Amino acid sequence: MRHRIKNCIFKFMYISIIIYLMTFIPAIFGYKPLVVISGSMEPKLKVGSILYYHKEDINNFEKGDILVYTTKSYIISHRIVEISEDGFITKGDANKTIDSNEVFKEQVLGKGVNWCIPLLGYYSDYIYHHKYLLYISIYVLIIDLFRDSYKEYKKKVGMKNEKGN
């Protein structure tokens with residue numbers, strides 16, 4: 001019974017780590033994850049989702065693209081409604097009015113994709129802010145793997161010694 005509980009806990013830990021690390025796989029291809037924290041872009045981008053964005057040449061943006069940009073306090077993802085000489089006029093899909101401030105080209109981080117992974121942002125954000133849980137889990141799993149490998153080694157050595165005698 002104890003062995004079953006241990007296996008369930010370790011499976012949960014493996015799955016949790018793999019899911020967290022999978023959120024960063026698109027980064028290999030230049031896509032950075034961003035957790036959606038407001039409902040301004042619903043229903044396209046739901047709160048708690050992960051939106052991916054990538055670096056894009058400033059001249060390649062078009063009306064209707066999701067623009068990811070930074071302010072002093074936040075990273076925001078809103079849709080471009082107008083392009084000006086100095087930057088962009090944006091609006092959240094769920095907002096009734098355009099944003100009050102123009103987004104200047106220096107603020108732009110990239111272009112958001114038109115899809116997101118629902119709910120995974122809650123998990124990723126929690127782990128990101130409690131990284132010690134991730135480190136402890138990895139440490140425990142590595143120790144367990146070494147312990148299991150050592151047990152297997154001892155069994156093989158024991159079998160060889162029995163055959164040799």
# chains A, B, ... in the order shown; residues from 1 in each chain; ligands from 1
>>> residues_around(residues="range 48-58 of chain A", least_positions_apart="2", cutoff="9 Å", atoms="only C-alpha atoms", output="MDAnalysis selection string")
chainID A and resid 23 26:27 29:38 45:46 60:61 66:68 77 105 108:125
>>> residues_around(residues="Phe104 in chain A", least_positions_apart="5", cutoff="7 Å", atoms="only C-alpha atoms", output="JSON list (two decimals) with all heavy atoms, in the first residue's frame")
[["chain", "number", "residue", "atom", "x", "y", "z"],
["A", 86, "ASP", "N", 3.88, 57.11, -35.10],
["A", 86, "ASP", "CA", 4.66, 56.90, -33.88],
["A", 86, "ASP", "C", 4.45, 55.54, -33.23],
["A", 86, "ASP", "O", 5.24, 55.12, -32.40],
["A", 86, "ASP", "CB", 4.33, 57.99, -32.86],
["A", 86, "ASP", "CG", 4.68, 59.38, -33.36],
["A", 86, "ASP", "OD1", 5.71, 59.50, -34.06],
["A", 86, "ASP", "OD2", 3.95, 60.33, -33.05],
["A", 87, "GLY", "N", 3.34, 54.89, -33.56],
["A", 87, "GLY", "CA", 3.05, 53.63, -32.89],
["A", 87, "GLY", "C", 1.70, 53.05, -33.28],
["A", 87, "GLY", "O", 1.32, 53.06, -34.44],
["A", 88, "PHE", "N", 0.97, 52.59, -32.25],
["A", 88, "PHE", "CA", -0.28, 51.87, -32.48],
["A", 88, "PHE", "C", -1.37, 52.34, -31.53],
["A", 88, "PHE", "O", -1.11, 52.68, -30.38],
["A", 88, "PHE", "CB", -0.05, 50.37, -32.25],
["A", 88, "PHE", "CG", 1.05, 49.80, -33.08],
["A", 88, "PHE", "CD1", 2.34, 49.69, -32.57],
["A", 88, "PHE", "CD2", 0.81, 49.37, -34.37],
["A", 88, "PHE", "CE1", 3.37, 49.16, -33.33],
["A", 88, "PHE", "CE2", 1.83, 48.84, -35.14],
["A", 88, "PHE", "CZ", 3.11, 48.73, -34.63]]
>>> select_by_dssp(residues="range 42-159 of chain A", states="strand (DSSP E)", output="ChimeraX atom specification")
/A:50-54,66-70,75-83,87-91,103-104,108-117
>>> atom_distance(atom1="CA of Ile83 in chain A", atom2="CA of Glu62 in chain A")
7.6 Å
>>> select_by_dssp(residues="chain A", states="alpha helix (DSSP H)", output="PyMOL selection string")
chain A and resi 2-22+120-129+131-164
>>> residues_around(residues="Ile138 in chain A", least_positions_apart="6", cutoff="9 Å", atoms="only C-alpha atoms", output="PyMOL selection string")
chain A and resi 13-14+17
>>> write_last_selection(atoms="C-alpha atoms", output="CSV table (one decimal), in the first residue's frame")
chain,number,residue,atom,x,y,z
A,13,MET,CA,5.3,15.1,-9.5
A,14,TYR,CA,6.7,13.9,-12.9
A,17,ILE,CA,7.1,19.1,-13.9
>>> atom_distance(atom1="CA of Arg2 in chain A", atom2="CA of Lys131 in chain A")
28.0 Å
>>> closest_residue(among="A:Asn95, A:Asn101, A:Gln107, A:Thr71", to="Glu42 in chain A", atoms="only C-alpha atoms")
A:Asn95
>>> closest_residue(among="A:Val47, A:Ser16, A:Lys6, A:Met1", to="Leu134 in chain A", atoms="only C-alpha atoms")
A:Ser16
>>> residues_around(residues="Gly64 in chain A", least_positions_apart="6", cutoff="10 Å", atoms="only C-alpha atoms", output="PyMOL selection string")
chain A and resi 78-82+90-91
>>> atom_distance(atom1="CA of Glu106 in chain A", atom2="CA of Asp65 in chain A")
17.2 Å
>>> closest_residue(among="A:Lys44, A:Lys63, A:Arg4, A:His130", to="Ile89 in chain A", atoms="only C-alpha atoms")
A:Lys63
>>> closest_residue(among="A:Glu102, A:Asp148, A:Asp93, A:Glu85", to="Tyr69 in chain A", atoms="only C-alpha atoms")
A:Glu102
>>> closest_residue(among="A:Ile98, A:Glu152, A:Arg147, A:Val140", to="Phe10 in chain A", atoms="only C-alpha atoms")
A:Val140
